[in-house]
Amino acid sequence: MAWGRRMASLWQRFRRRGWVEQELDEEVRAYFQIQIERGMARGLTREEARRQARLQFDGEEQVKQRVREERVGAPIDSTLQDISYAWRSLRKSPGFTSFAVLTIALGLGANAAIFSMVDGVLIKAAEYPEPERIVQLWEKPPGYDRNPISAANYLDWSRQAQSFDAMAAETDGAVSYTGGGEPRSLTTGFVSAPYFKVFGVQAALGRTFAAGEDQPASQKVAVLTHRIWTNAFGADAGIVGRSILLDSEPYIVIGVLPGASEFDRRWNDIWVPLVFAPNPARDYHYLSAYARLKPGVSLAQARTEMSAIAGHIAELYPAIKKGWSATVRPYMDGVVGSNTRLSLKVLMWAVAAILMIGCANLANLLMARSTLREREIALRMALGARRGRVVRLLLTESLLLAGGGAAAGLAIGFGLLKWIQSLLPPFYFPPEANVTMDGRVLWFLGGVTILTGISFGLAPAIQASRRDPAQSLKEGGRANSAGRGKAYARHVFVAAQVAAAFILLAGAGLLLRSFERLMNVNVGFETDGLVGAGLPLKMAKDPDPVKLTLYVNQLLDAVRATPGVLGAAVASALPLTGWGDGMPFHMADNPEKMIGTGFKIVTPGYFPALHLRLVAGRALEERDTDSSPPVAVVNESFVRAYLPGQDALGKRMLVEKIAPSRHGLGAMTSWEIVGVVADEKGNGLDQADDVGAYVSFAQDPVVGLGLVARVHGDPGTMIKSIERAVWRVDKSQVLDNPMTMDRIKAESVTYRRLPAQLLGGFALLALALACTGIYGVLSFVTAGRTQELGVRAALGASRWDLVRLVVGGGSIPVLVGVAVGLGGAAGLTRFIRSMLFATSPLDATNLAAVAALLLLVALMACLVPAWRAARANPMAALRQE
Amino acid sequence: MGIADRIEQVTHGVFVVGPGSLFPALHRLAENGWIEGQWGQLETGRRAKFYVLTPPGRAQLTKEKRQWLKVNTAVNQVLADEA
C-alpha cells in the first residue's frame with residue numbers, strides 16, 4: 001500500500017513536475033510569510049521580521065532543496081539533473097573536453113587492447129572440458145626433465161598405464177594435397193586414435209578417430225580442421241565420407257572439427273592417425289604425448305605410476321634407458337611460455353601506467369578548472385546545494401568524461417588490437433588463447449572507466465567543495481591565489497607522471513637496445529639473397545635411401561639450372577630454425593665422456609650457398625658419398641667446447657646415423673672431422689651456444705628436409721621460378737612456406753621485437769601525456785601569476801629573470817620525478833632481465849639518455865608558458881586589477 | 001506552522017523543529033500515504049497547507065507508538081539496572 005503510494009508519487013513527480021514544484025514553493029513561502037507576520041505582531045518592522053526568520057531558519061531555497069532530496073526518486077532526478085548540468089558545462093569548454101576525452105580514450109584504448117591479450121592468453125580458461133585433467137608426458141633422461149618420447153616407449157606406456165582415460169602420441173609434419181590445382185602442403189598432425197578423446201573434442205561434422213584406426217591394417221582416414229575445410233574444401237558438408245589424395249594416397253575424410261576452437265588456432269590443417277611400424281625404435285625420440293587423467297586420479301598418483309613403468313623399462317633396456325624416468329605435467333601449465341607471460345605482464349603494467357599518467361593530467365586540469373569555477377560552485381552552495389551534492393555534480397562531470405573517453409577508447413582499443421594481431425606471426429599465441437574483444441573485456445573496460453572517472457575527479461571535486469562560499473564570492477572570482485595544498489597536490493601529480501614516464505622509457509629503451517644488438521648479431525652467413533622452404537617428401541613414410549638421394553639430387557639439379565639461382569642445397573634444418581637434430585656422441589679418443597651436438601645433414605652446396613666461412617680443412621664435397629669414408633665438418637663452437645687448444649682435423653667422433661625415415665637410429669658410425677667452419681646461428685640469434693656438426697646427405701640420407709638457395713634478383717619472383725623448377729621434376733612436389741632468409745630471421749625474433757616496439761610506443765605516449773601535464777599546470781600557474789609577474793617586471797625584473805622564475809618553479813617537480821623514476825627504473829627493470837639481450841638492466845647510457853630526454857622535453861613544455869610570462873607587459877598586467 | 005508550534009509547546013521547548021526538518025518529514029509521510037495535505041485558510045485569512053492523518057497513517061502511528069514504547073521501556077530498564 002505504502003509502496004503503491006510511493007510509485008504514484010514518483011509518477012506524479014515526473015508527470016507533473018511543474019505542479020509539484022509550484023505546490024512546494026507555495027507551501028514554503030506561506031510558512032515564511034506566517035513567520036514574518038508573527039514577527040510583525042511582536043512589534044518588528046516587516047524587514048526586521050524577514051531577517052529574523054532567515055537567520056533563525058535556513059533560507060527558503062535550502063528548505064525546498066531538502067524536501068526535494070527527501071522525495072522518492074530523488075536520486076534518479078538529481079542524477080539526471082547532474083548529467084544535464086555536466087553536459088552543459090563540458091560543452092561550454094570544448095577544448096578542455098576534447099583534450100580530456102582524448103587522453104582517457106588513449107589510456108583506456110591501450111588498456112582494452114592489452115587486456116584482451118592478457119585475458120585471452122593468461123586468464124581465460126581453456127575451452128576443453130575439465131582442462132585440469134589433461135597432462136603432457138615426457139621421457140626424463142638423467143639431468144633433463146622433458147625429452148620427446150620414442151615410439152616403443154610410448155606404446156609400452158599406453159598399454160601399461162592405468163591412471164588415464166586416454167593417452168595419445170603426436171608428431172607433426174606436412175603432407176601434399178593435390179586435390180585442386182597446384183599441389184599444396186598441409187601441416188598435418190599425426191596422432192594416435194584417442195587424441196581427441198584426451199582433449200575432449202567432438203567433431204562438428206562426422207566423427208573423430210575411432211579406436212583401432214591407428215593400426216597398420218586399417219583404412220586411411222583424415223579429420224579436417226574447420227579452417228582448412230573452409231579454405232581448401234569450400235566448406236562442403238558432403239566432404240564427410242569422400243576420399244581425398246594426401247601424398248598421392250587416398251584418405252577418407254571422416255569428420256570436420258568445430259570452428260573458432262583451439263583446433264582452428266593450431267598449426268595443423270589436418271589430422272591423420274599415427275601408425276607405427278612393427279617393432280618401432282626405442283632410441284629415437286620424436287613424439288609428444290598427452291593423456292587425460294581418470295576422474296579421481298591425482299597428478300601425484302599418475303606420476304608415481306609413470307615413474308614405475310619407466311623404471312621397469314629402464315631395467316629391461318639398460319643400454320639405452322639407464323637412469324631414464326618419465327615426467328607428467330598438467331598440460332595447461334606448459335601452454336604459455338614464460339617469455340610471452342612476462343611480455344604481456346610488462347605491457348599490462350605499461351598501459352596501466354599510461355592510464356595513471358592520464359588521470360594525473362586530468363586531475364590537475366580539473367583542479368585548475370575548479371579554481372576558475374569557484375564562483376559558480378560558491379553560488380550553487382549559497383543557493384542550497386550541500387557539499388555532497390557539489391561533489392556529486394563534479395564527479396558526474398568526470399564520469400561523463402570517462403564515459404566519453406571509454407567509448408572512443410573502445411574504438412582505439414579495437415583498432416590497436418587488430419593492428420597488433422596483424423603484426424603477430426601466425427600461431428604466435430598458443431591455440432588455447434582466444435584473443436578477442438569480448439564481453440569480458442567490456443566489463444573490464446566498464447570497471448576501469450568508473451575507477452578512472454573517480455580517481456581523476458574525486459580529489460578536485462572534494463577540494464572544490466571545501467571552499468567557503470562566502471569567501472569565494474567576496475574575492476570576486478579572482479581567486480587564483482591557490483591554496484598551498486592545491487599547489488602541492490599539483491606538483492605531486494606532475495612528479496608522479498614524470499616518474500612513471502621515466503620508468504616506461506627506461507624499460508622501452510632497454511628492450512629496443514637489446515633488440516638492436518640482437519639484430520646486429522653476426523649470424524655467420526649472408527642472409528641477403530638467400531631463400532628457404534620446407535621440402536616435404538611423399539616417400540617420407542618408408543624411404544629407400546637410394547631413391548631418396550636420387551630424387552633430391554634431381555630436384556637440386558633442376559633448381560640450380562634455374563636462371564638467377566647461384567647455389568642451392570638441402571639441409572635437415574633451415575638456417576636460424578634450430579639444428580634439426582641434437583645427438584649425443586663421444587670422441588673416438590675419449591669413449592667415456594658422452595657429449596652432445598647439433599647434427600645437421602646437408603648437401604655440399606650448403607656451405608657455398610650460405611657463404612659460410614671455412615676456418616680450417618675442407619668443407620663437405622661431392623666426393624663424399626655412401627661409398628667413401630664418413631666425414632664431418634664441425635663449427636668453431638664445437639672446437640671451443642670439446643677440442644680446445646687441439647687440432648680438430650683428423651679427430652673422429654662416434655655418432656649414430658639417423659635412419660632415412662627419421663623414426664629410428666642407424667649404425668654407430670665413426671666420422672672423421674675434415675673441416676672447421678664459422679658458427680652459423682642455429683639455435684636463435686640470442687643463443688651464445690651453437691655447438692654443431694655437419695655430415696653429408698649422401699652419407700646419411702633422411703627425410704624432413706629444407707631447401708635453401710642463393711638467388712640473384714627479386715626473391716619473390718625467384719621463389720616462383722624455383723617452385724616451377726621443382727614441379728618440372730615432380731608436379732606434386734610442394735615447397736612448404738617458402739620465404740626469404742631475412743624474413744625467417746625477422747620471424748625468429750618477433751617475440752622480442754613486438755614487446756620492444758609496443759613498449760616503445762607506450763613509453764612515447766606516456767612521455768607526451770606527461771609533457772602536456774607539465775605544460776598545462778605551468779600555463780595555469782603562470783596565467784594566475786600575471787599580476788605578480790607584471791609587478792616584478794615593473795620593479796625591474798628582466799625578461800630572463802621572469803623566464804628563470806617560471807622554469808625554476810616548473811622544474812622542481814620534474815626533477816623530483818626524474819629522481820624517483822631513476823630509483824624506480826633501477827628497481828623495476830631487473831624484472832625484465834630475461835627479456836634483455838647483451839644489455840644490463842642498469843645500463844648507464846640508457847638511464848642517462850632517458851633522463852636527458854625527459855628533462856629536455858620537460859624544459860620545452862616549460863618554455864612556452866615561461867615565454868608568455870616574460871612578455872608580461874607591466875602596464876597591461878597591472879591594469880587588470 | 002501549527003505543527004511545529006504544537007511540538008514545541010508539548011515538549012516544553014525541548015524539541016524545536018525548523019522548517020528544514022519539518023517540510024522534508026511531512027513530504028516523506030505524505031509520500032507514504034500516511035498523511036494528506038489540503039490547502040485551507042488560517043484565521044488570519046492566509047492560505048496554508050493543513051495535514052491530516054489518513055487511516056493507514058493512523059494504523060502506522062499505532063504501530064510506531066507500540067514500537068517506541070517497547071524500545072523506550074527496554075532502554076529505561078537498562079538505565080535503571082545501571083543505576
# chains A, B, ... in the order shown; residues from 1 in each chain; ligands from 1

$ residues_around --residues "Gly20 of chain B" --least-positions-apart "2" --cutoff "12 Å" --atoms "only C-alpha atoms" --output "PyMOL selection string"
(chain A and resi 28+31-32+54+56-70+384) or (chain B and resi 4+16-18+22-27)

$ write_last_selection --atoms "C-alpha atoms" --output "PDB file, in the first residue's frame"
ATOM      1  CA  VAL A  28       7.196  27.020   1.979  1.00  0.00           C
ATOM      2  CA  TYR A  31       5.423  29.269   6.133  1.00  0.00           C
ATOM      3  CA  PHE A  32       7.853  32.127   5.900  1.00  0.00           C
ATOM      4  CA  ARG A  54      16.004  33.950   7.660  1.00  0.00           C
ATOM      5  CA  GLN A  56      16.509  31.641  12.632  1.00  0.00           C
ATOM      6  CA  PHE A  57      15.912  29.092   9.925  1.00  0.00           C
ATOM      7  CA  ASP A  58      17.595  28.276   6.633  1.00  0.00           C
ATOM      8  CA  GLY A  59      16.619  30.099   3.504  1.00  0.00           C
ATOM      9  CA  GLU A  60      13.543  29.110   1.518  1.00  0.00           C
ATOM     10  CA  GLU A  61      15.610  27.605  -1.268  1.00  0.00           C
ATOM     11  CA  GLN A  62      17.545  25.389   1.113  1.00  0.00           C
ATOM     12  CA  VAL A  63      14.320  24.131   2.690  1.00  0.00           C
ATOM     13  CA  LYS A  64      12.847  23.350  -0.695  1.00  0.00           C
ATOM     14  CA  GLN A  65      16.016  21.637  -1.795  1.00  0.00           C
ATOM     15  CA  ARG A  66      15.925  19.445   1.249  1.00  0.00           C
ATOM     16  CA  VAL A  67      12.348  18.417   0.573  1.00  0.00           C
ATOM     17  CA  ARG A  68      13.312  17.563  -2.986  1.00  0.00           C
ATOM     18  CA  GLU A  69      16.133  15.397  -1.758  1.00  0.00           C
ATOM     19  CA  GLU A  70      13.773  13.537   0.571  1.00  0.00           C
ATOM     20  CA  GLY A 384      21.244  25.429  -1.171  1.00  0.00           C
TER      21      GLY A 384
ATOM     22  CA  ALA B   4       5.966  22.994  14.746  1.00  0.00           C
ATOM     23  CA  VAL B  16      12.159  22.922  18.244  1.00  0.00           C
ATOM     24  CA  VAL B  17      11.519  21.811  14.694  1.00  0.00           C
ATOM     25  CA  GLY B  18      12.709  24.177  11.999  1.00  0.00           C
ATOM     26  CA  LEU B  22       9.715  19.753   9.167  1.00  0.00           C
ATOM     27  CA  PHE B  23       8.997  20.013   5.462  1.00  0.00           C
ATOM     28  CA  PRO B  24      11.077  17.050   4.348  1.00  0.00           C
ATOM     29  CA  ALA B  25       9.469  14.972   7.113  1.00  0.00           C
ATOM     30  CA  LEU B  26       5.960  15.990   6.085  1.00  0.00           C
ATOM     31  CA  HIS B  27       6.639  15.203   2.468  1.00  0.00           C
TER      32      HIS B  27
END

$ residues_around --residues "segment 537-552 of chain A" --least-positions-apart "4" --cutoff "9 Å" --atoms "only C-alpha atoms" --output "list in words"
Ala174, Val175, Ser176, Leu246, Asp247, Ser248, Leu556, Asp557, Val570, Pro660, Ser661, Arg662, Phe697, Ala698, Asp700, Pro701, Val702, Val703, Gly704, Leu705, Val729, Ser732, Gln733 and Val734 of chain A

$ write_last_selection --atoms "C-alpha atoms" --output "short mmCIF file (atom, residue, chain, number, x, y, z; two decimals), in the first residue's frame"
data_model
loop_
_atom_site.label_atom_id
_atom_site.label_comp_id
_atom_site.auth_asym_id
_atom_site.auth_seq_id
_atom_site.Cartn_x
_atom_site.Cartn_y
_atom_site.Cartn_z
CA ALA A 174 53.38 -31.99 -43.76
CA VAL A 175 51.53 -33.84 -46.49
CA SER A 176 50.92 -32.62 -50.00
CA LEU A 246 47.22 -36.91 -49.47
CA ASP A 247 50.79 -37.62 -50.62
CA SER A 248 49.12 -39.37 -53.58
CA LEU A 556 68.73 -29.78 -56.76
CA ASP A 557 69.88 -30.03 -60.37
CA VAL A 570 69.09 -29.26 -48.93
CA PRO A 660 66.14 -42.36 -43.58
CA SER A 661 62.56 -42.33 -42.20
CA ARG A 662 63.78 -40.48 -39.07
CA PHE A 697 73.37 -36.05 -47.11
CA ALA A 698 74.95 -38.64 -49.40
CA ASP A 700 73.18 -40.20 -44.24
CA PRO A 701 70.13 -39.57 -46.44
CA VAL A 702 67.00 -38.67 -44.43
CA VAL A 703 63.59 -37.13 -44.97
CA GLY A 704 62.45 -33.99 -43.16
CA LEU A 705 64.47 -31.59 -45.28
CA VAL A 729 60.72 -32.84 -61.65
CA SER A 732 53.02 -32.88 -56.93
CA GLN A 733 56.14 -31.79 -55.02
CA VAL A 734 55.37 -28.84 -52.74
#

$ interface_residues --of "chain B" --to "chain A" --cutoff "10 Å" --atoms "only C-alpha atoms" --output "VMD selection string"
chain B and resid 1 to 2 17 to 34 39 42 44 46 to 50 56 to 57

$ closest_residue --among "B:Gln9, B:Ile3, B:Phe15, B:Ile35" --to "Leu61 of chain B" --atoms "only C-alpha atoms"
B:Ile35

$ select_by_dssp --residues "chain B" --states "alpha helix (DSSP H)" --output "number ranges by chain"
B: 2-10, 19-31, 55-82

$ write_last_selection --atoms "C-alpha atoms" --output "PDB file, in the first residue's frame"
ATOM      1  CA  GLY B   2       0.851  24.921  13.696  1.00  0.00           C
ATOM      2  CA  ILE B   3       2.589  21.540  13.800  1.00  0.00           C
ATOM      3  CA  ALA B   4       5.966  22.994  14.746  1.00  0.00           C
ATOM      4  CA  ASP B   5       4.372  25.217  17.367  1.00  0.00           C
ATOM      5  CA  ARG B   6       2.455  22.321  18.810  1.00  0.00           C
ATOM      6  CA  ILE B   7       5.565  20.161  19.087  1.00  0.00           C
ATOM      7  CA  GLU B   8       7.437  22.936  20.811  1.00  0.00           C
ATOM      8  CA  GLN B   9       4.548  23.506  23.154  1.00  0.00           C
ATOM      9  CA  VAL B  10       4.003  19.851  24.053  1.00  0.00           C
ATOM     10  CA  PRO B  19      11.290  24.164   8.502  1.00  0.00           C
ATOM     11  CA  GLY B  20      14.420  22.480   7.192  1.00  0.00           C
ATOM     12  CA  SER B  21      13.466  19.338   9.116  1.00  0.00           C
ATOM     13  CA  LEU B  22       9.715  19.753   9.167  1.00  0.00           C
ATOM     14  CA  PHE B  23       8.997  20.013   5.462  1.00  0.00           C
ATOM     15  CA  PRO B  24      11.077  17.050   4.348  1.00  0.00           C
ATOM     16  CA  ALA B  25       9.469  14.972   7.113  1.00  0.00           C
ATOM     17  CA  LEU B  26       5.960  15.990   6.085  1.00  0.00           C
ATOM     18  CA  HIS B  27       6.639  15.203   2.468  1.00  0.00           C
ATOM     19  CA  ARG B  28       8.056  11.849   3.329  1.00  0.00           C
ATOM     20  CA  LEU B  29       4.965  10.977   5.366  1.00  0.00           C
ATOM     21  CA  ALA B  30       2.764  12.181   2.548  1.00  0.00           C
ATOM     22  CA  GLU B  31       4.598  10.074   0.025  1.00  0.00           C
ATOM     23  CA  PRO B  55      -6.445   5.710   8.011  1.00  0.00           C
ATOM     24  CA  PRO B  56      -3.214   3.912   7.014  1.00  0.00           C
ATOM     25  CA  GLY B  57      -1.323   6.713   8.732  1.00  0.00           C
ATOM     26  CA  ARG B  58      -3.309   6.154  11.883  1.00  0.00           C
ATOM     27  CA  ALA B  59      -2.547   2.432  11.761  1.00  0.00           C
ATOM     28  CA  GLN B  60       1.133   3.179  11.203  1.00  0.00           C
ATOM     29  CA  LEU B  61       1.084   5.596  14.137  1.00  0.00           C
ATOM     30  CA  THR B  62      -0.313   2.935  16.441  1.00  0.00           C
ATOM     31  CA  LYS B  63       2.360   0.560  15.260  1.00  0.00           C
ATOM     32  CA  GLU B  64       5.158   3.052  15.687  1.00  0.00           C
ATOM     33  CA  LYS B  65       3.847   4.065  19.108  1.00  0.00           C
ATOM     34  CA  ARG B  66       3.851   0.476  20.274  1.00  0.00           C
ATOM     35  CA  GLN B  67       7.343   0.011  18.891  1.00  0.00           C
ATOM     36  CA  TRP B  68       8.542   3.141  20.605  1.00  0.00           C
ATOM     37  CA  LEU B  69       7.040   2.112  23.932  1.00  0.00           C
ATOM     38  CA  LYS B  70       8.762  -1.233  23.663  1.00  0.00           C
ATOM     39  CA  VAL B  71      12.132   0.312  22.924  1.00  0.00           C
ATOM     40  CA  ASN B  72      11.652   3.018  25.467  1.00  0.00           C
ATOM     41  CA  THR B  73      10.711   0.580  28.219  1.00  0.00           C
ATOM     42  CA  ALA B  74      13.674  -1.562  27.385  1.00  0.00           C
ATOM     43  CA  VAL B  75      16.051   1.378  27.461  1.00  0.00           C
ATOM     44  CA  ASN B  76      14.616   2.570  30.755  1.00  0.00           C
ATOM     45  CA  GLN B  77      15.049  -0.852  32.191  1.00  0.00           C
ATOM     46  CA  VAL B  78      18.670  -0.911  31.156  1.00  0.00           C
ATOM     47  CA  LEU B  79      19.257   2.505  32.611  1.00  0.00           C
ATOM     48  CA  ALA B  80      17.504   1.541  35.840  1.00  0.00           C
ATOM     49  CA  ASP B  81      19.688  -1.543  36.152  1.00  0.00           C
ATOM     50  CA  GLU B  82      22.785   0.548  35.588  1.00  0.00           C
TER      51      GLU B  82
END

$ residues_around --residues "Ala763 of chain A" --least-positions-apart "6" --cutoff "9 Å" --atoms "only C-alpha atoms" --output "VMD selection string"
chain A and resid 350 354 501 to 508

$ write_last_selection --atoms "N, CA and C atoms" --output "PDB file, in the first residue's frame"
ATOM      1  N   ALA A 350      52.505  -1.331 -18.273  1.00  0.00           N
ATOM      2  CA  ALA A 350      52.790  -0.108 -19.023  1.00  0.00           C
ATOM      3  C   ALA A 350      51.505   0.644 -19.331  1.00  0.00           C
ATOM      4  N   ILE A 354      50.159   4.339 -18.180  1.00  0.00           N
ATOM      5  CA  ILE A 354      49.681   5.393 -19.077  1.00  0.00           C
ATOM      6  C   ILE A 354      48.352   5.949 -18.597  1.00  0.00           C
ATOM      7  N   ALA A 501      56.595   8.007 -16.477  1.00  0.00           N
ATOM      8  CA  ALA A 501      57.087   8.076 -17.856  1.00  0.00           C
ATOM      9  C   ALA A 501      58.549   7.658 -17.919  1.00  0.00           C
ATOM     10  N   PHE A 502      59.290   8.040 -16.899  1.00  0.00           N
ATOM     11  CA  PHE A 502      60.714   7.690 -16.871  1.00  0.00           C
ATOM     12  C   PHE A 502      60.880   6.174 -16.858  1.00  0.00           C
ATOM     13  N   ILE A 503      60.104   5.522 -15.992  1.00  0.00           N
ATOM     14  CA  ILE A 503      60.262   4.063 -15.871  1.00  0.00           C
ATOM     15  C   ILE A 503      59.904   3.373 -17.190  1.00  0.00           C
ATOM     16  N   LEU A 504      58.809   3.838 -17.807  1.00  0.00           N
ATOM     17  CA  LEU A 504      58.418   3.229 -19.079  1.00  0.00           C
ATOM     18  C   LEU A 504      59.487   3.459 -20.143  1.00  0.00           C
ATOM     19  N   LEU A 505      60.000   4.685 -20.201  1.00  0.00           N
ATOM     20  CA  LEU A 505      61.030   4.985 -21.204  1.00  0.00           C
ATOM     21  C   LEU A 505      62.269   4.140 -20.956  1.00  0.00           C
ATOM     22  N   ALA A 506      62.623   3.996 -19.676  1.00  0.00           N
ATOM     23  CA  ALA A 506      63.824   3.210 -19.365  1.00  0.00           C
ATOM     24  C   ALA A 506      63.636   1.762 -19.804  1.00  0.00           C
ATOM     25  N   GLY A 507      62.443   1.204 -19.499  1.00  0.00           N
ATOM     26  CA  GLY A 507      62.165  -0.179 -19.896  1.00  0.00           C
ATOM     27  C   GLY A 507      62.192  -0.337 -21.399  1.00  0.00           C
ATOM     28  N   ALA A 508      61.507   0.597 -22.090  1.00  0.00           N
ATOM     29  CA  ALA A 508      61.451   0.519 -23.547  1.00  0.00           C
ATOM     30  C   ALA A 508      62.847   0.675 -24.136  1.00  0.00           C
TER      31      ALA A 508
END

$ residues_around --residues "Arg386 of chain A" --least-positions-apart "4" --cutoff "10 Å" --atoms "only C-alpha atoms" --output "list of chain:residue names"
A:Gln62, A:Gln65, A:Arg66, A:Arg380, A:Met381, A:Ala382, A:Val390, A:Val391, A:Arg392, A:Ser465
